[in-house]
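Here's the structure we're looking at; comments come further down.
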Amino acid sequence: MNCPTREMLLAWVDGAGDVPHSVVEHIATCASCMDSAERLRSALAGLASGMKTLASSTPASLETRLRWRLHASVGQASATTLRERPRGIREWLRGHRMALRSPSEAARSHAGPAPPRPRAAPS
Amino acid sequence: MRPGGQMNRETAKPVSEETVLDLYRHHGARLYAYALGFLGEPADVEDVVQDAFVRLSEHLRRGGSDEQIRAWLYAVVANLCRDVLRWRKRRVDIDAEPETGPWEVSRTLAIRRVLKRLSPRDREMVLLRGGGLTYAEIAAAMGLHDASVGKLLSRALERFAVEYAREFGKEGA
(Lines give C-alpha, C1' and ligand atoms only; values in the text may rest on other atoms or scores of the structure.)
Protein backbone atom coordinates (compact mmCIF):
# COMPACT_ATOMS: atom_id res chain seq x y z
CA MET A 1 0.00 0.00 0.00
CA ASN A 2 1.49 3.32 -1.05
CA CYS A 3 -1.29 5.73 -0.20
CA PRO A 4 -0.21 8.88 1.66
CA THR A 5 -2.80 8.10 4.33
CA ARG A 6 -0.99 4.92 5.34
CA GLU A 7 0.31 6.32 8.64
CA MET A 8 -3.22 7.35 9.63
CA LEU A 9 -4.80 3.97 9.08
CA LEU A 10 -4.20 2.73 12.62
CA ALA A 11 -5.69 5.91 14.07
CA TRP A 12 -8.70 5.46 11.78
CA VAL A 13 -9.13 1.80 12.81
CA ASP A 14 -8.80 2.85 16.47
CA GLY A 15 -11.55 5.40 15.93
CA ALA A 16 -9.34 8.33 16.91
CA GLY A 17 -11.14 11.64 16.65
CA ASP A 18 -8.21 13.58 15.22
CA VAL A 19 -8.06 11.85 11.82
CA PRO A 20 -8.38 14.57 9.14
CA HIS A 21 -11.58 14.52 7.13
CA SER A 22 -9.65 14.19 3.86
CA VAL A 23 -8.02 10.98 5.15
CA VAL A 24 -11.37 9.53 6.21
CA GLU A 25 -12.76 10.31 2.76
CA HIS A 26 -9.78 8.74 1.04
CA ILE A 27 -9.95 5.52 3.08
CA ALA A 28 -13.65 5.19 2.41
CA THR A 29 -13.09 5.29 -1.34
CA CYS A 30 -9.77 3.44 -1.66
CA ALA A 31 -10.08 -0.33 -2.05
CA SER A 32 -6.46 -0.88 -1.05
CA CYS A 33 -6.84 1.15 2.17
CA MET A 34 -10.10 -0.59 3.05
CA ASP A 35 -8.43 -3.93 2.49
CA SER A 36 -5.48 -2.97 4.72
CA ALA A 37 -7.81 -1.58 7.37
CA GLU A 38 -9.75 -4.84 7.41
CA ARG A 39 -6.55 -6.82 7.71
CA LEU A 40 -5.34 -4.58 10.52
CA ARG A 41 -8.64 -4.85 12.38
CA SER A 42 -8.56 -8.62 12.12
CA ALA A 43 -4.94 -8.80 13.32
CA LEU A 44 -5.66 -6.49 16.28
CA ALA A 45 -8.62 -8.63 17.31
CA GLY A 46 -6.46 -11.75 17.06
CA LEU A 47 -3.72 -10.08 19.06
CA ALA A 48 -6.15 -9.00 21.78
CA SER A 49 -7.63 -12.47 22.14
CA GLY A 50 -4.15 -14.04 22.06
CA MET A 51 -2.94 -11.72 24.83
CA LYS A 52 -6.03 -12.56 26.88
CA THR A 53 -5.34 -16.28 26.52
CA LEU A 54 -1.73 -15.76 27.55
CA ALA A 55 -2.69 -13.60 30.53
CA SER A 56 -5.16 -16.21 31.71
CA SER A 57 -2.40 -18.81 31.70
CA THR A 58 -0.53 -16.99 34.49
CA PRO A 59 0.03 -19.66 37.14
CA ALA A 60 -1.56 -18.95 40.50
CA SER A 61 1.60 -20.22 42.21
CA LEU A 62 3.53 -17.25 40.81
CA GLU A 63 2.09 -14.91 43.44
CA THR A 64 3.19 -17.26 46.23
CA ARG A 65 6.68 -17.53 44.75
CA LEU A 66 6.86 -13.76 44.44
CA ARG A 67 5.77 -13.38 48.06
CA TRP A 68 8.68 -15.59 49.12
CA ARG A 69 11.14 -13.71 46.92
CA LEU A 70 10.01 -10.38 48.36
CA HIS A 71 10.25 -11.77 51.84
CA ALA A 72 13.80 -12.95 51.19
CA SER A 73 14.78 -9.64 49.60
CA VAL A 74 13.57 -7.82 52.71
CA GLY A 75 16.17 -9.72 54.70
CA GLN A 76 18.90 -8.61 52.31
CA ALA A 77 17.69 -5.03 52.20
CA SER A 78 17.42 -4.73 55.94
CA ALA A 79 21.00 -5.93 56.32
CA THR A 80 22.18 -2.66 54.81
CA THR A 81 19.56 -0.07 55.57
CA LEU A 82 17.34 -0.67 58.52
CA ARG A 83 17.96 -0.01 62.16
CA GLU A 84 15.60 -2.78 63.12
CA ARG A 85 17.72 -5.29 61.25
CA PRO A 86 18.43 -7.68 64.16
CA ARG A 87 14.75 -8.03 64.97
CA GLY A 88 13.89 -8.52 61.29
CA ILE A 89 16.55 -11.16 60.80
CA ARG A 90 15.59 -12.95 63.99
CA GLU A 91 11.97 -13.00 62.96
CA TRP A 92 12.91 -14.19 59.51
CA LEU A 93 15.08 -16.98 60.92
CA ARG A 94 12.39 -17.93 63.40
CA GLY A 95 9.94 -18.21 60.49
CA HIS A 96 12.36 -20.48 58.64
CA ARG A 97 12.92 -22.68 61.67
CA MET A 98 9.17 -23.02 62.05
CA ALA A 99 8.85 -24.02 58.42
CA LEU A 100 11.55 -26.69 58.82
CA ARG A 101 9.94 -28.31 61.85
CA SER A 102 7.48 -31.17 61.61
CA PRO A 103 3.83 -30.07 61.71
CA SER A 104 3.32 -31.48 65.20
CA GLU A 105 6.42 -29.70 66.54
CA ALA A 106 5.34 -26.48 64.92
CA ALA A 107 1.87 -26.79 66.43
CA ARG A 108 3.35 -27.39 69.88
CA SER A 109 5.66 -24.42 69.48
CA HIS A 110 2.83 -22.24 68.22
CA ALA A 111 0.67 -23.22 71.20
CA GLY A 112 3.50 -22.24 73.56
CA PRO A 113 4.56 -24.07 76.69
CA ALA A 114 1.96 -26.04 78.56
CA PRO A 115 0.34 -23.95 81.31
CA PRO A 116 1.44 -24.81 84.86
CA ARG A 117 -0.80 -27.20 86.62
CA PRO A 118 -2.76 -25.70 89.49
CA ARG A 119 -1.36 -26.70 92.81
CA ALA A 120 -3.47 -28.99 94.86
CA ALA A 121 -5.10 -27.15 97.72
CA PRO A 122 -3.46 -27.98 101.06
CA SER A 123 -5.61 -30.33 102.95
CA MET B 1 5.12 -0.77 59.09
CA ARG B 2 3.78 -4.19 58.20
CA PRO B 3 5.77 -7.26 59.11
CA GLY B 4 8.20 -7.95 56.33
CA GLY B 5 7.81 -4.43 55.01
CA GLN B 6 10.69 -2.29 53.75
CA MET B 7 11.49 1.28 54.74
CA ASN B 8 11.86 3.94 52.10
CA ARG B 9 15.06 5.60 53.22
CA GLU B 10 14.56 9.03 51.70
CA THR B 11 10.88 9.59 52.38
CA ALA B 12 10.58 7.18 55.31
CA LYS B 13 7.49 5.66 53.72
CA PRO B 14 6.81 2.00 54.26
CA VAL B 15 6.95 -0.23 51.18
CA SER B 16 5.25 -3.38 52.27
CA GLU B 17 5.17 -6.70 50.51
CA GLU B 18 1.42 -6.21 50.16
CA THR B 19 1.95 -2.96 48.23
CA VAL B 20 4.11 -4.80 45.72
CA LEU B 21 1.77 -7.78 45.65
CA ASP B 22 -1.18 -5.47 44.99
CA LEU B 23 0.71 -4.06 42.01
CA TYR B 24 1.45 -7.62 40.91
CA ARG B 25 -2.25 -8.49 41.11
CA HIS B 26 -3.03 -5.45 38.98
CA HIS B 27 -0.32 -5.78 36.31
CA GLY B 28 1.08 -9.31 36.72
CA ALA B 29 -1.11 -11.24 34.26
CA ARG B 30 -0.60 -8.73 31.44
CA LEU B 31 3.13 -8.63 32.04
CA TYR B 32 3.15 -12.41 32.04
CA ALA B 33 1.36 -12.40 28.66
CA TYR B 34 3.80 -9.82 27.32
CA ALA B 35 6.85 -11.81 28.42
CA LEU B 36 5.33 -15.05 27.16
CA GLY B 37 4.85 -13.44 23.75
CA PHE B 38 8.49 -12.42 23.92
CA LEU B 39 10.03 -15.64 25.19
CA GLY B 40 7.52 -18.45 24.74
CA GLU B 41 8.90 -20.51 27.61
CA PRO B 42 6.71 -20.31 30.74
CA ALA B 43 9.53 -21.20 33.17
CA ASP B 44 11.67 -18.30 31.91
CA VAL B 45 8.66 -16.00 31.96
CA GLU B 46 7.90 -16.77 35.60
CA ASP B 47 11.47 -15.89 36.56
CA VAL B 48 11.34 -12.67 34.56
CA VAL B 49 8.05 -11.51 36.08
CA GLN B 50 9.26 -12.32 39.59
CA ASP B 51 12.52 -10.45 39.03
CA ALA B 52 10.63 -7.44 37.70
CA PHE B 53 8.52 -7.16 40.85
CA VAL B 54 11.51 -7.67 43.14
CA ARG B 55 13.17 -4.79 41.25
CA LEU B 56 10.01 -2.76 41.63
CA SER B 57 10.15 -3.34 45.36
CA GLU B 58 13.76 -2.12 45.44
CA HIS B 59 12.88 0.83 43.20
CA LEU B 60 10.09 1.96 45.53
CA ARG B 61 12.19 1.33 48.62
CA ARG B 62 14.92 3.59 47.23
CA GLY B 63 12.36 6.33 46.87
CA GLY B 64 11.70 5.81 43.15
CA SER B 65 8.66 7.42 41.65
CA ASP B 66 5.50 5.39 41.25
CA GLU B 67 4.37 7.52 38.31
CA GLN B 68 4.15 5.66 35.01
CA ILE B 69 4.68 2.47 36.96
CA ARG B 70 3.13 0.39 34.16
CA ALA B 71 5.59 1.70 31.58
CA TRP B 72 8.42 1.21 34.09
CA LEU B 73 7.40 -2.43 34.64
CA TYR B 74 7.14 -3.15 30.92
CA ALA B 75 10.56 -1.60 30.34
CA VAL B 76 12.09 -3.78 33.07
CA VAL B 77 10.39 -6.92 31.75
CA ALA B 78 11.56 -6.12 28.21
CA ASN B 79 15.15 -5.74 29.41
CA LEU B 80 14.98 -9.00 31.35
CA CYS B 81 13.50 -10.77 28.32
CA ARG B 82 16.34 -9.46 26.14
CA ASP B 83 18.82 -10.82 28.68
CA VAL B 84 17.13 -14.23 28.52
CA LEU B 85 17.21 -14.19 24.71
CA ARG B 86 20.91 -13.29 24.71
CA TRP B 87 21.59 -16.11 27.14
CA ARG B 88 19.53 -18.55 25.07
CA LYS B 89 21.36 -17.65 21.87
CA ARG B 90 24.48 -18.95 23.46
CA ARG B 91 22.83 -21.97 25.00
CA VAL B 92 19.89 -23.39 23.09
CA ASP B 93 17.95 -23.11 19.86
CA ILE B 94 15.96 -19.90 20.17
CA ASP B 95 13.27 -21.20 17.82
CA ALA B 96 12.61 -24.36 19.75
CA GLU B 97 8.97 -24.48 20.85
CA PRO B 98 8.20 -25.71 24.33
CA GLU B 99 6.41 -29.04 24.23
CA THR B 100 4.02 -28.28 27.04
CA GLY B 101 2.33 -25.26 28.54
CA PRO B 102 -0.03 -22.68 27.15
CA TRP B 103 1.40 -22.96 23.65
CA GLU B 104 -0.63 -26.16 23.32
CA VAL B 105 -3.43 -23.80 22.41
CA SER B 106 -2.97 -23.86 18.67
CA ARG B 107 -4.20 -20.35 17.95
CA THR B 108 -1.88 -18.85 20.51
CA LEU B 109 0.91 -20.91 19.10
CA ALA B 110 0.17 -19.50 15.68
CA ILE B 111 0.21 -15.94 17.01
CA ARG B 112 3.57 -16.68 18.55
CA ARG B 113 4.77 -17.86 15.13
CA VAL B 114 3.54 -14.63 13.59
CA LEU B 115 5.33 -12.57 16.25
CA LYS B 116 8.52 -14.48 15.65
CA ARG B 117 8.58 -13.39 12.03
CA LEU B 118 8.77 -9.75 13.09
CA SER B 119 11.91 -7.87 14.00
CA PRO B 120 12.52 -7.68 17.77
CA ARG B 121 11.53 -4.01 17.86
CA ASP B 122 8.32 -4.57 15.89
CA ARG B 123 7.47 -7.54 18.11
CA GLU B 124 8.00 -5.47 21.23
CA MET B 125 5.78 -2.68 19.92
CA VAL B 126 3.03 -5.06 18.89
CA LEU B 127 3.10 -6.79 22.28
CA LEU B 128 3.03 -3.47 24.13
CA ARG B 129 0.05 -2.41 22.08
CA GLY B 130 -1.53 -5.81 22.77
CA GLY B 131 -0.95 -5.16 26.48
CA GLY B 132 -3.11 -2.05 26.21
CA LEU B 133 -0.38 0.53 26.73
CA THR B 134 -0.94 4.09 25.55
CA TYR B 135 1.41 5.72 23.04
CA ALA B 136 3.07 7.66 25.88
CA GLU B 137 3.60 4.46 27.87
CA ILE B 138 5.01 2.66 24.83
CA ALA B 139 7.39 5.57 24.32
CA ALA B 140 8.48 5.42 27.97
CA ALA B 141 8.84 1.63 27.96
CA MET B 142 10.93 1.62 24.78
CA GLY B 143 12.88 4.81 25.34
CA LEU B 144 11.38 6.53 22.29
CA HIS B 145 10.09 10.03 21.66
CA ASP B 146 6.31 10.28 22.00
CA ALA B 147 6.05 11.76 18.52
CA SER B 148 7.68 8.82 16.78
CA VAL B 149 5.58 6.09 18.43
CA GLY B 150 2.53 6.53 16.18
CA LYS B 151 4.51 6.06 12.98
CA LEU B 152 6.63 3.17 14.28
CA LEU B 153 3.67 1.39 15.85
CA SER B 154 1.62 1.85 12.71
CA ARG B 155 4.34 0.23 10.60
CA ALA B 156 4.91 -2.58 13.11
CA LEU B 157 1.20 -3.38 13.22
CA GLU B 158 0.97 -3.26 9.45
CA ARG B 159 3.73 -5.87 9.19
CA PHE B 160 2.07 -7.90 11.95
CA ALA B 161 -1.25 -7.74 10.06
CA VAL B 162 0.39 -8.98 6.85
CA GLU B 163 1.99 -11.92 8.65
CA TYR B 164 -1.20 -12.58 10.58
CA ALA B 165 -3.22 -12.74 7.36
CA ARG B 166 -0.62 -15.09 5.90
CA GLU B 167 -0.96 -17.37 8.94
CA PHE B 168 -4.71 -17.31 9.38
CA GLY B 169 -6.03 -16.31 5.98
CA LYS B 170 -8.20 -13.30 5.40
CA GLU B 171 -10.81 -14.30 7.95
CA GLY B 172 -8.23 -13.91 10.73
CA ALA B 173 -9.82 -13.58 14.14
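Here's how to read the names in the C-alpha coordinates: chain A, B, ... by the order shown, residue numbers from 1 in each chain, ligand numbers from 1 in the order shown.
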
*Compile the contact shell of Met125 of chain B as number ranges by chain: residues with an atom at most 12 Å away, counting only C-alpha atoms, same-chain residues fewer than 4 positions apart removed.*
B: 34, 37-38, 74-75, 78, 115, 118-121, 129-135, 137-144, 149-160

Per-residue nearest contacts of chain A to chain B (9 Å; only C-alpha atoms) as a tab-separated table:
```
residue	atom	partner	partner_atom	distance
A:Arg6	CA	B:Ser154	CA	8.4
A:Glu7	CA	B:Lys151	CA	6.0
A:Met8	CA	B:Ser154	CA	7.9
A:Leu9	CA	B:Ser154	CA	7.7
A:Leu10	CA	B:Ser154	CA	5.9
A:Ala11	CA	B:Ser154	CA	8.5
A:Ser36	CA	B:Glu158	CA	8.0
A:Glu38	CA	B:Lys170	CA	8.8
A:Arg39	CA	B:Ala161	CA	5.9
A:Leu40	CA	B:Ala161	CA	5.2
A:Arg41	CA	B:Ala161	CA	8.3
A:Ser42	CA	B:Gly172	CA	5.5
A:Ala43	CA	B:Ala161	CA	5.0
A:Leu44	CA	B:Gly130	CA	7.7
A:Ala45	CA	B:Ala173	CA	6.0
A:Gly46	CA	B:Ala173	CA	4.8
A:Leu47	CA	B:Gly130	CA	6.1
A:Ala48	CA	B:Gly130	CA	5.7
A:Ser49	CA	B:Ala173	CA	8.4
A:Gly50	CA	B:Thr108	CA	5.5
A:Met51	CA	B:Ala33	CA	5.8
A:Lys52	CA	B:Ala33	CA	7.6
A:Thr53	CA	B:Thr108	CA	7.4
A:Leu54	CA	B:Ala33	CA	4.7
A:Ala55	CA	B:Ala33	CA	4.6
A:Ser56	CA	B:Ala29	CA	6.9
A:Ser57	CA	B:Pro102	CA	6.4
A:Thr58	CA	B:Ala29	CA	5.8
A:Pro59	CA	B:Glu46	CA	8.5
A:Leu62	CA	B:Glu46	CA	6.8
A:Glu63	CA	B:Leu21	CA	7.5
A:Arg65	CA	B:Gln50	CA	7.8
A:Leu66	CA	B:Gln50	CA	5.6
A:Arg67	CA	B:Glu17	CA	7.1
A:Arg69	CA	B:Val54	CA	7.1
A:Leu70	CA	B:Val54	CA	6.1
A:His71	CA	B:Gly4	CA	6.2
A:Ser73	CA	B:Val54	CA	7.5
A:Val74	CA	B:Gln6	CA	6.3
A:Gly75	CA	B:Gly4	CA	8.3
A:Ala77	CA	B:Gln6	CA	7.7
A:Ser78	CA	B:Gln6	CA	7.5
A:Thr81	CA	B:Arg9	CA	7.6
A:Leu82	CA	B:Met7	CA	7.2
A:Gly88	CA	B:Gly4	CA	7.6
A:Trp92	CA	B:Gly4	CA	8.4
```

Residues from last step as file, N, CA and C atoms, as a short mmCIF file (atom, residue, chain, number, x, y, z; two decimals), in the first residue's frame:
```
data_model
loop_
_atom_site.label_atom_id
_atom_site.label_comp_id
_atom_site.auth_asym_id
_atom_site.auth_seq_id
_atom_site.Cartn_x
_atom_site.Cartn_y
_atom_site.Cartn_z
N ARG A 6 -1.41 6.17 4.71
CA ARG A 6 -0.99 4.92 5.34
C ARG A 6 -0.73 5.05 6.86
N GLU A 7 -0.05 6.13 7.23
CA GLU A 7 0.31 6.32 8.64
C GLU A 7 -0.93 6.56 9.51
N MET A 8 -2.02 7.01 8.86
CA MET A 8 -3.22 7.35 9.63
C MET A 8 -4.20 6.18 9.76
N LEU A 9 -3.85 5.09 9.12
CA LEU A 9 -4.80 3.97 9.08
C LEU A 9 -5.08 3.40 10.47
N LEU A 10 -4.03 3.27 11.27
CA LEU A 10 -4.20 2.73 12.62
C LEU A 10 -5.10 3.64 13.44
N ALA A 11 -4.86 4.95 13.34
CA ALA A 11 -5.69 5.91 14.07
C ALA A 11 -7.14 5.78 13.62
N SER A 36 -6.51 -3.02 3.66
CA SER A 36 -5.48 -2.97 4.72
C SER A 36 -6.12 -2.74 6.08
N GLU A 38 -9.08 -3.60 7.01
CA GLU A 38 -9.75 -4.84 7.41
C GLU A 38 -8.75 -5.84 7.97
N ARG A 39 -7.61 -5.91 7.29
CA ARG A 39 -6.55 -6.82 7.71
C ARG A 39 -6.00 -6.41 9.09
N LEU A 40 -5.85 -5.11 9.25
CA LEU A 40 -5.34 -4.58 10.52
C LEU A 40 -6.33 -4.84 11.66
N ARG A 41 -7.60 -4.62 11.37
CA ARG A 41 -8.64 -4.85 12.38
C ARG A 41 -8.65 -6.31 12.82
N SER A 42 -8.56 -7.19 11.84
CA SER A 42 -8.56 -8.62 12.12
C SER A 42 -7.33 -9.02 12.95
N ALA A 43 -6.17 -8.48 12.59
CA ALA A 43 -4.94 -8.80 13.32
C ALA A 43 -4.99 -8.28 14.75
N LEU A 44 -5.55 -7.07 14.93
CA LEU A 44 -5.66 -6.49 16.28
C LEU A 44 -6.60 -7.32 17.15
N ALA A 45 -7.68 -7.80 16.55
CA ALA A 45 -8.62 -8.63 17.31
C ALA A 45 -7.94 -9.94 17.71
N GLY A 46 -7.20 -10.51 16.76
CA GLY A 46 -6.46 -11.75 17.06
C GLY A 46 -5.42 -11.54 18.14
N LEU A 47 -4.74 -10.40 18.06
CA LEU A 47 -3.72 -10.08 19.06
C LEU A 47 -4.35 -9.93 20.44
N ALA A 48 -5.48 -9.22 20.49
CA ALA A 48 -6.15 -9.00 21.78
C ALA A 48 -6.59 -10.32 22.39
N SER A 49 -7.17 -11.19 21.57
CA SER A 49 -7.63 -12.47 22.14
C SER A 49 -6.44 -13.34 22.52
N GLY A 50 -5.36 -13.28 21.73
CA GLY A 50 -4.15 -14.04 22.06
C GLY A 50 -3.55 -13.58 23.38
N MET A 51 -3.50 -12.26 23.59
CA MET A 51 -2.94 -11.72 24.83
C MET A 51 -3.80 -12.11 26.03
N LYS A 52 -5.12 -12.16 25.80
CA LYS A 52 -6.03 -12.56 26.88
C LYS A 52 -5.77 -14.01 27.27
N THR A 53 -5.61 -14.86 26.25
CA THR A 53 -5.34 -16.28 26.52
C THR A 53 -4.04 -16.43 27.30
N LEU A 54 -3.03 -15.68 26.87
CA LEU A 54 -1.73 -15.76 27.55
C LEU A 54 -1.83 -15.26 28.99
N ALA A 55 -2.55 -14.15 29.18
CA ALA A 55 -2.69 -13.60 30.53
C ALA A 55 -3.41 -14.57 31.44
N SER A 56 -4.40 -15.28 30.87
CA SER A 56 -5.16 -16.21 31.71
C SER A 56 -4.35 -17.45 32.06
N SER A 57 -3.22 -17.63 31.39
CA SER A 57 -2.40 -18.81 31.70
C SER A 57 -1.38 -18.52 32.80
N THR A 58 -1.44 -17.31 33.39
CA THR A 58 -0.53 -16.99 34.49
C THR A 58 -0.76 -17.96 35.65
N PRO A 59 0.26 -18.69 36.06
CA PRO A 59 0.03 -19.66 37.14
C PRO A 59 -0.25 -18.98 38.47
N LEU A 62 2.54 -18.31 41.00
CA LEU A 62 3.53 -17.25 40.81
C LEU A 62 3.45 -16.20 41.92
N GLU A 63 2.24 -15.90 42.37
CA GLU A 63 2.09 -14.91 43.44
C GLU A 63 2.75 -15.41 44.73
N ARG A 65 5.21 -17.57 44.95
CA ARG A 65 6.68 -17.53 44.75
C ARG A 65 7.20 -16.10 44.90
N LEU A 66 6.45 -15.17 44.34
CA LEU A 66 6.86 -13.76 44.44
C LEU A 66 6.86 -13.31 45.90
N ARG A 67 5.84 -13.74 46.65
CA ARG A 67 5.77 -13.38 48.06
C ARG A 67 7.04 -13.85 48.80
N ARG A 69 9.98 -14.47 47.41
CA ARG A 69 11.14 -13.71 46.92
C ARG A 69 11.21 -12.34 47.60
N LEU A 70 10.05 -11.69 47.73
CA LEU A 70 10.01 -10.38 48.36
C LEU A 70 10.42 -10.49 49.82
N HIS A 71 9.94 -11.53 50.44
CA HIS A 71 10.25 -11.77 51.84
C HIS A 71 11.76 -11.94 52.02
N SER A 73 14.06 -10.87 49.95
CA SER A 73 14.78 -9.64 49.60
C SER A 73 14.70 -8.63 50.73
N VAL A 74 13.67 -8.70 51.55
CA VAL A 74 13.57 -7.82 52.71
C VAL A 74 14.74 -8.08 53.65
N GLY A 75 15.05 -9.36 53.83
CA GLY A 75 16.17 -9.72 54.70
C GLY A 75 17.46 -9.10 54.21
N ALA A 77 17.76 -6.49 52.16
CA ALA A 77 17.69 -5.03 52.20
C ALA A 77 17.92 -4.54 53.62
N SER A 78 17.30 -5.23 54.57
CA SER A 78 17.42 -4.73 55.94
C SER A 78 18.84 -4.87 56.46
N THR A 81 20.21 -1.37 55.39
CA THR A 81 19.56 -0.07 55.57
C THR A 81 18.82 0.13 56.89
N LEU A 82 18.28 -0.91 57.43
CA LEU A 82 17.34 -0.67 58.52
C LEU A 82 17.95 -0.81 59.90
N GLY A 88 14.40 -7.98 62.56
CA GLY A 88 13.89 -8.52 61.29
C GLY A 88 14.52 -9.86 60.96
N TRP A 92 12.81 -13.44 60.78
CA TRP A 92 12.91 -14.19 59.51
C TRP A 92 13.43 -15.60 59.77
#
```

*If you run DSSP on the backbone, which residues of segment 7-161 of chain B are helix (DSSP H, G or I), as a PyMOL selection string?*
chain B and resi 17-39+42-61+69-91+102-104+106-116+120-130+135-142+146-161

*Measure the distance from atom CA of Ala31 of chain A to atom CA of Leu128 of chain B in Å and round it to one decimal.*
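Rounded to one decimal, the two atoms are 29.5 Å apart.
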
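Those residues that approach Val84 of chain B to within 12 Å, counting only C-alpha atoms, are Ala35, Leu36, Phe38, Leu39, Gly40, Glu41, Ala43, Asp44, Val45, Glu46, Asp47, Val48, Val77, Ala78, Asn79, Leu80, Cys81, Arg82, Arg86, Trp87, Arg88, Lys89, Arg90, Arg91, Val92 and Ile94 of chain B; same-chain residues fewer than 2 positions away are not listed.
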
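Atom CA of Cys33 of chain A lies 14.5 Å from atom CA of Val19 of chain A.
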
_Using only C-alpha atoms: which of B:Lys116, B:Val15, B:Ala147, B:Arg123 has the shortest distance to Gly64 of chain B_ =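 Distance minimum relative to Gly64 of chain B lands on B:Val15.
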
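Distance-wise, atom CA of Leu56 of chain B and atom CA of His26 of chain B end up 13.6 Å apart.
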